[in-house]
Amino acid sequence: MDITELYRIAAEERDRRKPKRIRCCTAAGCQSSGAEAVLKALKDGIATAGLTEDVEVSSVGCLRFCGRGPLVATDPDGKLYEQVTAEDASSFAAGMQAGTVKAQPCDPHQPFFAGQQPIVLENSGQIDPERIEEYIAAGGYESLYRALYDLTPVEVVEEITQSGLRGRGGGGYPTGLKWATVAKMPGDQKYVICNADEGDPGAFMDRSVLESDPHRVLEGMAIADMRLVQIMDLSTSGLNIPWRSRI
Ligand code: FES
């Protein structure tokens, strides 16, 4: 696959979008408070109202106010609703037309949200985590492509270091330092493992990424796997890879 293929998938995904969208969080927190029933009721309500051509109902990851779930967001108005029930869901069909949904509003500008700047979780709640096309339409896998074809392995590690990316555990270990250390280690076979262990009880910072934006994890692992291993391989082998001369 080359970059034009990636762009084609992204463009097709954007073209298939309907004018309106209802995003229902079905991540673990909202699932525990009945999100699956809400999602079904939303889909049934839109279908019964004959709005399936205009309104898409999507299952998305965490909308970041888990304690008030199930949460539902509507586009393009950007409104957010909390503690939505299956009974409320029927009002979304009428409300999407008239602009008056009868569910409990949740202020997306309240202090809880105001101090947050999602970076790793920027796609969380925005995309259906089970549709790779949505991840690609959000720019997904472009970094992997760039890491493979535009940057040398050393440049990849430098860029990760410069980004300030840190681990999500309590130590916040710098990812660039970790990658640079692995790259220097001897051995012609290395492994990238996603252990996703939640060392802090109830924090769920790993689960948030895995369940809300899994392709982000896969893409990061692929970059680490392809580039760190190749740094070592190239120092000892005669592999004829396009970027070898740039190391
Ligand atoms: S799990 Fe639904 S808002 Fe976090």
# chains A, B, ... in the order shown; residues from 1 in each chain; ligands from 1
$ residues_near_ligand --ligand "ligand 1" --cutoff "7 Å" --atoms "only C-alpha atoms and all ligand atoms" --output "list in words"
Cys25, Thr26, Ala27, Ala28, Gly29, Cys30, Gly61, Cys62, Leu63, Arg64, Phe65, Cys66, Gly69, Pro70 and Leu71 of chain A
$ write_last_selection --atoms "N, CA and C atoms" --output "short mmCIF file (atom, residue, chain, number, x, y, z; two decimals), in the first residue's frame"
data_model
loop_
_atom_site.label_atom_id
_atom_site.label_comp_id
_atom_site.auth_asym_id
_atom_site.auth_seq_id
_atom_site.Cartn_x
_atom_site.Cartn_y
_atom_site.Cartn_z
N CYS A 25 -21.30 6.48 23.58
CA CYS A 25 -20.13 5.85 24.20
C CYS A 25 -20.48 4.44 24.64
N THR A 26 -19.72 3.48 24.15
CA THR A 26 -19.92 2.09 24.60
C THR A 26 -18.64 1.54 25.22
N ALA A 27 -17.79 2.45 25.71
CA ALA A 27 -16.60 2.00 26.44
C ALA A 27 -17.05 1.42 27.78
N ALA A 28 -16.11 0.80 28.50
CA ALA A 28 -16.47 -0.02 29.65
C ALA A 28 -17.30 0.73 30.70
N GLY A 29 -16.93 1.99 30.98
CA GLY A 29 -17.66 2.74 32.00
C GLY A 29 -19.13 2.88 31.66
N CYS A 30 -19.41 3.27 30.43
CA CYS A 30 -20.81 3.47 30.02
C CYS A 30 -21.51 2.13 29.79
N GLY A 61 -15.75 5.30 21.55
CA GLY A 61 -15.06 5.10 22.82
C GLY A 61 -15.41 6.19 23.82
N CYS A 62 -14.60 6.25 24.86
CA CYS A 62 -14.90 7.08 26.02
C CYS A 62 -15.05 8.57 25.67
N LEU A 63 -16.14 9.16 26.15
CA LEU A 63 -16.39 10.59 25.96
C LEU A 63 -15.92 11.40 27.17
N ARG A 64 -15.22 10.77 28.09
CA ARG A 64 -14.41 11.41 29.14
C ARG A 64 -15.17 11.89 30.38
N PHE A 65 -16.44 11.52 30.52
CA PHE A 65 -17.12 11.87 31.76
C PHE A 65 -17.83 10.61 32.26
N CYS A 66 -17.01 9.58 32.48
CA CYS A 66 -17.51 8.23 32.70
C CYS A 66 -18.50 8.14 33.87
N GLY A 69 -22.21 8.53 32.82
CA GLY A 69 -22.67 7.76 31.68
C GLY A 69 -24.04 7.14 31.91
N PRO A 70 -24.60 6.57 30.85
CA PRO A 70 -24.08 6.59 29.49
C PRO A 70 -24.12 8.00 28.86
N LEU A 71 -23.04 8.32 28.16
CA LEU A 71 -22.95 9.60 27.48
C LEU A 71 -23.24 9.45 25.99
#
$ closest_atom_pairs --of "segment 204-223 of chain A" --to "segment 150-167 of chain A" --cutoff "12 Å" --atoms "only C-alpha atoms" --output "CSV"
residue,atom,partner,partner_atom,distance
A:Met205,CA,A:Gly167,CA,10.4
A:Asp206,CA,A:Gly167,CA,9.9
A:Gly220,CA,A:Ile160,CA,10.5
A:Ile223,CA,A:Val156,CA,8.4
$ write_last_selection --atoms "C-alpha atoms" --output "compact mmCIF listing (two decimals), in the first residue's frame"
# COMPACT_ATOMS: atom_id res chain seq x y z
CA MET A 205 -5.42 4.68 31.44
CA ASP A 206 -4.29 1.78 29.25
CA GLY A 220 2.72 2.81 17.56
CA ILE A 223 6.53 1.88 14.19
$ closest_residue --among "A:Glu13, A:Glu122, A:Asp128, A:Glu198" --to "Ser58 of chain A" --atoms "only C-alpha atoms"
A:Asp128
$ select_by_dssp --residues "segment 104-229 of chain A" --states "helix (DSSP H, G or I)" --output "mmCIF file with N, CA, C and O atoms, in the first residue's frame"
data_model
loop_
_atom_site.group_PDB
_atom_site.id
_atom_site.type_symbol
_atom_site.label_atom_id
_atom_site.label_comp_id
_atom_site.auth_asym_id
_atom_site.auth_seq_id
_atom_site.Cartn_x
_atom_site.Cartn_y
_atom_site.Cartn_z
ATOM 1 N N PRO A 111 -15.774 22.978 34.098
ATOM 2 C CA PRO A 111 -14.382 22.901 34.556
ATOM 3 C C PRO A 111 -13.744 21.528 34.378
ATOM 4 O O PRO A 111 -12.548 21.433 34.095
ATOM 5 N N PHE A 112 -14.539 20.469 34.526
ATOM 6 C CA PHE A 112 -13.978 19.121 34.385
ATOM 7 C C PHE A 112 -13.305 18.946 33.025
ATOM 8 O O PHE A 112 -12.250 18.334 32.898
ATOM 9 N N PHE A 113 -13.927 19.511 31.981
ATOM 10 C CA PHE A 113 -13.369 19.367 30.639
ATOM 11 C C PHE A 113 -12.373 20.475 30.306
ATOM 12 O O PHE A 113 -11.447 20.266 29.521
ATOM 13 N N ALA A 114 -12.585 21.660 30.902
ATOM 14 C CA ALA A 114 -11.834 22.837 30.473
ATOM 15 C C ALA A 114 -10.323 22.672 30.627
ATOM 16 O O ALA A 114 -9.556 23.188 29.811
ATOM 17 N N ILE A 132 -11.490 0.582 11.092
ATOM 18 C CA ILE A 132 -10.166 1.099 10.733
ATOM 19 C C ILE A 132 -10.285 2.299 9.792
ATOM 20 O O ILE A 132 -9.455 3.211 9.811
ATOM 21 N N GLU A 133 -11.360 2.318 8.985
ATOM 22 C CA GLU A 133 -11.527 3.419 8.033
ATOM 23 C C GLU A 133 -11.659 4.755 8.769
ATOM 24 O O GLU A 133 -11.189 5.787 8.295
ATOM 25 N N GLU A 134 -12.335 4.732 9.917
ATOM 26 C CA GLU A 134 -12.488 5.989 10.670
ATOM 27 C C GLU A 134 -11.147 6.443 11.239
ATOM 28 O O GLU A 134 -10.851 7.635 11.300
ATOM 29 N N TYR A 135 -10.348 5.491 11.644
ATOM 30 C CA TYR A 135 -9.016 5.852 12.153
ATOM 31 C C TYR A 135 -8.172 6.444 11.019
ATOM 32 O O TYR A 135 -7.485 7.457 11.199
ATOM 33 N N ILE A 136 -8.256 5.838 9.853
ATOM 34 C CA ILE A 136 -7.492 6.349 8.702
ATOM 35 C C ILE A 136 -7.987 7.741 8.313
ATOM 36 O O ILE A 136 -7.187 8.638 8.014
ATOM 37 N N ALA A 137 -9.312 7.934 8.348
ATOM 38 C CA ALA A 137 -9.856 9.260 8.003
ATOM 39 C C ALA A 137 -9.415 10.329 9.008
ATOM 40 O O ALA A 137 -9.394 11.517 8.695
ATOM 41 N N GLU A 142 -0.736 7.347 8.863
ATOM 42 C CA GLU A 142 0.176 8.225 8.107
ATOM 43 C C GLU A 142 1.543 8.289 8.791
ATOM 44 O O GLU A 142 2.578 8.388 8.130
ATOM 45 N N SER A 143 1.545 8.219 10.117
ATOM 46 C CA SER A 143 2.828 8.254 10.836
ATOM 47 C C SER A 143 3.648 6.999 10.562
ATOM 48 O O SER A 143 4.872 7.068 10.424
ATOM 49 N N LEU A 144 2.963 5.869 10.478
ATOM 50 C CA LEU A 144 3.685 4.629 10.163
ATOM 51 C C LEU A 144 4.300 4.729 8.767
ATOM 52 O O LEU A 144 5.463 4.371 8.557
ATOM 53 N N TYR A 145 3.507 5.241 7.832
ATOM 54 C CA TYR A 145 4.015 5.390 6.472
ATOM 55 C C TYR A 145 5.243 6.305 6.452
ATOM 56 O O TYR A 145 6.273 6.007 5.845
ATOM 57 N N ARG A 146 5.114 7.428 7.185
ATOM 58 C CA ARG A 146 6.229 8.387 7.226
ATOM 59 C C ARG A 146 7.456 7.753 7.885
ATOM 60 O O ARG A 146 8.588 7.940 7.424
ATOM 61 N N ALA A 147 7.224 7.005 8.946
ATOM 62 C CA ALA A 147 8.345 6.365 9.645
ATOM 63 C C ALA A 147 9.044 5.348 8.749
ATOM 64 O O ALA A 147 10.261 5.179 8.821
ATOM 65 N N LEU A 148 8.272 4.717 7.891
ATOM 66 C CA LEU A 148 8.860 3.691 7.028
ATOM 67 C C LEU A 148 9.569 4.271 5.809
ATOM 68 O O LEU A 148 10.586 3.757 5.371
ATOM 69 N N TYR A 149 8.992 5.341 5.254
ATOM 70 C CA TYR A 149 9.501 5.793 3.960
ATOM 71 C C TYR A 149 10.176 7.167 3.968
ATOM 72 O O TYR A 149 10.928 7.491 3.053
ATOM 73 N N PRO A 153 15.451 5.136 10.823
ATOM 74 C CA PRO A 153 15.138 4.668 12.182
ATOM 75 C C PRO A 153 15.672 5.615 13.257
ATOM 76 O O PRO A 153 14.995 5.876 14.253
ATOM 77 N N VAL A 154 16.870 6.152 13.055
ATOM 78 C CA VAL A 154 17.431 7.070 14.046
ATOM 79 C C VAL A 154 16.567 8.324 14.151
ATOM 80 O O VAL A 154 16.288 8.836 15.249
ATOM 81 N N GLU A 155 16.112 8.814 13.023
ATOM 82 C CA GLU A 155 15.243 10.003 13.035
ATOM 83 C C GLU A 155 13.915 9.726 13.737
ATOM 84 O O GLU A 155 13.363 10.607 14.401
ATOM 85 N N VAL A 156 13.425 8.508 13.575
ATOM 86 C CA VAL A 156 12.179 8.150 14.260
ATOM 87 C C VAL A 156 12.361 8.248 15.767
ATOM 88 O O VAL A 156 11.554 8.861 16.479
ATOM 89 N N VAL A 157 13.435 7.668 16.263
ATOM 90 C CA VAL A 157 13.691 7.707 17.709
ATOM 91 C C VAL A 157 13.885 9.153 18.172
ATOM 92 O O VAL A 157 13.376 9.565 19.216
ATOM 93 N N GLU A 158 14.591 9.945 17.365
ATOM 94 C CA GLU A 158 14.803 11.353 17.729
ATOM 95 C C GLU A 158 13.467 12.100 17.802
ATOM 96 O O GLU A 158 13.234 12.914 18.701
ATOM 97 N N GLU A 159 12.603 11.807 16.825
ATOM 98 C CA GLU A 159 11.323 12.516 16.808
ATOM 99 C C GLU A 159 10.463 12.133 18.011
ATOM 100 O O GLU A 159 9.792 12.982 18.614
ATOM 101 N N ILE A 160 10.488 10.855 18.357
ATOM 102 C CA ILE A 160 9.740 10.407 19.541
ATOM 103 C C ILE A 160 10.307 11.087 20.786
ATOM 104 O O ILE A 160 9.558 11.543 21.671
ATOM 105 N N THR A 161 11.621 11.194 20.853
ATOM 106 C CA THR A 161 12.249 11.846 22.012
ATOM 107 C C THR A 161 11.836 13.311 22.082
ATOM 108 O O THR A 161 11.438 13.821 23.132
ATOM 109 N N GLN A 162 11.925 14.002 20.938
ATOM 110 C CA GLN A 162 11.561 15.427 20.902
ATOM 111 C C GLN A 162 10.098 15.663 21.258
ATOM 112 O O GLN A 162 9.742 16.693 21.818
ATOM 113 N N SER A 163 9.247 14.693 20.919
ATOM 114 C CA SER A 163 7.805 14.876 21.163
ATOM 115 C C SER A 163 7.476 14.947 22.649
ATOM 116 O O SER A 163 6.439 15.475 23.042
ATOM 117 N N THR A 175 9.335 7.819 26.492
ATOM 118 C CA THR A 175 9.299 6.782 25.448
ATOM 119 C C THR A 175 10.535 6.845 24.556
ATOM 120 O O THR A 175 11.079 5.810 24.162
ATOM 121 N N GLY A 176 10.985 8.057 24.222
ATOM 122 C CA GLY A 176 12.163 8.183 23.359
ATOM 123 C C GLY A 176 13.392 7.542 23.995
ATOM 124 O O GLY A 176 14.184 6.885 23.318
ATOM 125 N N LEU A 177 13.540 7.721 25.305
ATOM 126 C CA LEU A 177 14.680 7.123 26.010
ATOM 127 C C LEU A 177 14.566 5.604 25.995
ATOM 128 O O LEU A 177 15.555 4.891 25.779
ATOM 129 N N LYS A 178 13.368 5.125 26.181
ATOM 130 C CA LYS A 178 13.161 3.667 26.158
ATOM 131 C C LYS A 178 13.510 3.104 24.778
ATOM 132 O O LYS A 178 14.204 2.105 24.659
ATOM 133 N N TRP A 179 13.030 3.754 23.731
ATOM 134 C CA TRP A 179 13.299 3.275 22.369
ATOM 135 C C TRP A 179 14.794 3.356 22.049
ATOM 136 O O TRP A 179 15.353 2.451 21.418
ATOM 137 N N ALA A 180 15.420 4.452 22.474
ATOM 138 C CA ALA A 180 16.858 4.599 22.190
ATOM 139 C C ALA A 180 17.653 3.512 22.902
ATOM 140 O O ALA A 180 18.621 2.958 22.357
ATOM 141 N N THR A 181 17.243 3.172 24.108
ATOM 142 C CA THR A 181 17.934 2.123 24.863
ATOM 143 C C THR A 181 17.784 0.776 24.172
ATOM 144 O O THR A 181 18.758 0.029 24.005
ATOM 145 N N VAL A 182 16.571 0.483 23.753
ATOM 146 C CA VAL A 182 16.330 -0.797 23.064
ATOM 147 C C VAL A 182 17.134 -0.853 21.763
ATOM 148 O O VAL A 182 17.733 -1.880 21.424
ATOM 149 N N ALA A 183 17.175 0.253 21.063
ATOM 150 C CA ALA A 183 17.886 0.274 19.778
ATOM 151 C C ALA A 183 19.374 -0.022 19.946
ATOM 152 O O ALA A 183 20.003 -0.596 19.053
ATOM 153 N N LYS A 184 19.933 0.376 21.094
ATOM 154 C CA LYS A 184 21.374 0.167 21.309
ATOM 155 C C LYS A 184 21.694 -1.248 21.769
ATOM 156 O O LYS A 184 22.860 -1.659 21.751
ATOM 157 N N MET A 205 -5.944 3.814 32.505
ATOM 158 C CA MET A 205 -5.420 4.676 31.444
ATOM 159 C C MET A 205 -5.022 3.863 30.211
ATOM 160 O O MET A 205 -5.080 4.360 29.097
ATOM 161 N N ASP A 206 -4.611 2.610 30.415
ATOM 162 C CA ASP A 206 -4.294 1.784 29.246
ATOM 163 C C ASP A 206 -5.571 1.333 28.549
ATOM 164 O O ASP A 206 -5.674 1.353 27.331
ATOM 165 N N ARG A 207 -6.541 0.925 29.370
ATOM 166 C CA ARG A 207 -7.782 0.450 28.771
ATOM 167 C C ARG A 207 -8.446 1.553 27.964
ATOM 168 O O ARG A 207 -9.046 1.296 26.910
ATOM 169 N N SER A 208 -8.340 2.792 28.429
ATOM 170 C CA SER A 208 -8.973 3.899 27.700
ATOM 171 C C SER A 208 -8.471 3.974 26.267
ATOM 172 O O SER A 208 -9.240 4.185 25.338
ATOM 173 N N VAL A 209 -7.171 3.813 26.091
ATOM 174 C CA VAL A 209 -6.624 3.877 24.733
ATOM 175 C C VAL A 209 -7.001 2.624 23.957
ATOM 176 O O VAL A 209 -7.440 2.692 22.803
ATOM 177 N N LEU A 210 -6.836 1.475 24.601
ATOM 178 C CA LEU A 210 -7.068 0.219 23.888
ATOM 179 C C LEU A 210 -8.508 0.078 23.406
ATOM 180 O O LEU A 210 -8.757 -0.393 22.300
ATOM 181 N N GLU A 211 -9.450 0.471 24.237
ATOM 182 C CA GLU A 211 -10.837 0.250 23.831
ATOM 183 C C GLU A 211 -11.384 1.415 22.997
ATOM 184 O O GLU A 211 -12.335 1.237 22.268
ATOM 185 N N SER A 212 -10.783 2.586 23.107
ATOM 186 C CA SER A 212 -11.330 3.745 22.398
ATOM 187 C C SER A 212 -10.599 4.049 21.090
ATOM 188 O O SER A 212 -11.164 4.647 20.186
ATOM 189 N N PRO A 214 -7.892 1.672 19.392
ATOM 190 C CA PRO A 214 -6.929 0.560 19.363
ATOM 191 C C PRO A 214 -5.912 0.642 18.228
ATOM 192 O O PRO A 214 -4.782 0.185 18.378
ATOM 193 N N HIS A 215 -6.316 1.234 17.107
ATOM 194 C CA HIS A 215 -5.360 1.307 16.000
ATOM 195 C C HIS A 215 -4.200 2.240 16.314
ATOM 196 O O HIS A 215 -3.122 2.113 15.745
ATOM 197 N N ARG A 216 -4.417 3.181 17.216
ATOM 198 C CA ARG A 216 -3.311 4.048 17.633
ATOM 199 C C ARG A 216 -2.236 3.210 18.320
ATOM 200 O O ARG A 216 -1.041 3.417 18.113
ATOM 201 N N VAL A 217 -2.666 2.261 19.130
ATOM 202 C CA VAL A 217 -1.718 1.376 19.804
ATOM 203 C C VAL A 217 -1.003 0.491 18.776
ATOM 204 O O VAL A 217 0.220 0.348 18.803
ATOM 205 N N LEU A 218 -1.784 -0.066 17.860
ATOM 206 C CA LEU A 218 -1.194 -0.941 16.845
ATOM 207 C C LEU A 218 -0.203 -0.173 15.969
ATOM 208 O O LEU A 218 0.873 -0.683 15.624
ATOM 209 N N GLU A 219 -0.565 1.058 15.602
ATOM 210 C CA GLU A 219 0.334 1.847 14.758
ATOM 211 C C GLU A 219 1.634 2.160 15.496
ATOM 212 O O GLU A 219 2.730 2.041 14.933
ATOM 213 N N GLY A 220 1.517 2.530 16.770
ATOM 214 C CA GLY A 220 2.718 2.811 17.559
ATOM 215 C C GLY A 220 3.608 1.587 17.691
ATOM 216 O O GLY A 220 4.837 1.675 17.573
ATOM 217 N N MET A 221 2.964 0.439 17.911
ATOM 218 C CA MET A 221 3.749 -0.801 18.014
ATOM 219 C C MET A 221 4.426 -1.133 16.688
ATOM 220 O O MET A 221 5.567 -1.597 16.655
ATOM 221 N N ALA A 222 3.703 -0.915 15.596
ATOM 222 C CA ALA A 222 4.275 -1.205 14.281
ATOM 223 C C ALA A 222 5.485 -0.313 14.010
ATOM 224 O O ALA A 222 6.512 -0.765 13.486
ATOM 225 N N ILE A 223 5.391 0.965 14.384
ATOM 226 C CA ILE A 223 6.528 1.877 14.190
ATOM 227 C C ILE A 223 7.715 1.405 15.015
ATOM 228 O O ILE A 223 8.847 1.311 14.520
ATOM 229 N N ALA A 224 7.463 1.049 16.265
ATOM 230 C CA ALA A 224 8.545 0.571 17.130
ATOM 231 C C ALA A 224 9.136 -0.716 16.575
ATOM 232 O O ALA A 224 10.360 -0.873 16.475
ATOM 233 N N ASP A 225 8.268 -1.616 16.168
ATOM 234 C CA ASP A 225 8.719 -2.919 15.683
ATOM 235 C C ASP A 225 9.558 -2.774 14.419
ATOM 236 O O ASP A 225 10.653 -3.319 14.305
ATOM 237 N N MET A 226 9.049 -1.988 13.463
ATOM 238 C CA MET A 226 9.727 -1.884 12.170
ATOM 239 C C MET A 226 11.036 -1.119 12.300
ATOM 240 O O MET A 226 12.015 -1.443 11.634
ATOM 241 N N ARG A 227 11.063 -0.085 13.130
ATOM 242 C CA ARG A 227 12.214 0.808 13.130
ATOM 243 C C ARG A 227 13.294 0.398 14.132
ATOM 244 O O ARG A 227 14.468 0.400 13.816
ATOM 245 N N LEU A 228 12.916 0.017 15.345
ATOM 246 C CA LEU A 228 13.945 -0.354 16.314
ATOM 247 C C LEU A 228 14.668 -1.609 15.890
ATOM 248 O O LEU A 228 15.885 -1.720 15.984
ATOM 249 N N VAL A 229 13.907 -2.576 15.393
ATOM 250 C CA VAL A 229 14.527 -3.815 14.955
ATOM 251 C C VAL A 229 15.454 -3.542 13.785
ATOM 252 O O VAL A 229 16.566 -4.045 13.715
#
$ atom_distance --atom1 "atom CA of Phe92 of chain A" --atom2 "atom CA of Pro19 of chain A"
14.9 Å
$ closest_residue --among "A:Ala86, A:Ile119, A:Ala10, A:Ile3" --to "Ala37 of chain A" --atoms "only C-alpha atoms"
A:Ala86
$ atom_distance --atom1 "atom CA of Ser90 of chain A" --atom2 "atom CA of Ala41 of chain A"
6.8 Å
$ closest_residue --among "A:Gly169, A:Pro108, A:Gly45, A:Pro129" --to "Met96 of chain A" --atoms "only C-alpha atoms"
A:Gly45
$ select_by_dssp --residues "segment 11-231 of chain A" --states "strand (DSSP E or B)" --output "list of chain:residue names"
A:Lys20, A:Arg21, A:Ile22, A:Arg23, A:Cys24, A:Cys25, A:Val55, A:Glu56, A:Val57, A:Ser58, A:Ser59, A:Val60, A:Val72, A:Ala73, A:Thr74, A:Asp75, A:Lys79, A:Leu80, A:Tyr81, A:Pro105, A:Arg166, A:Pro174
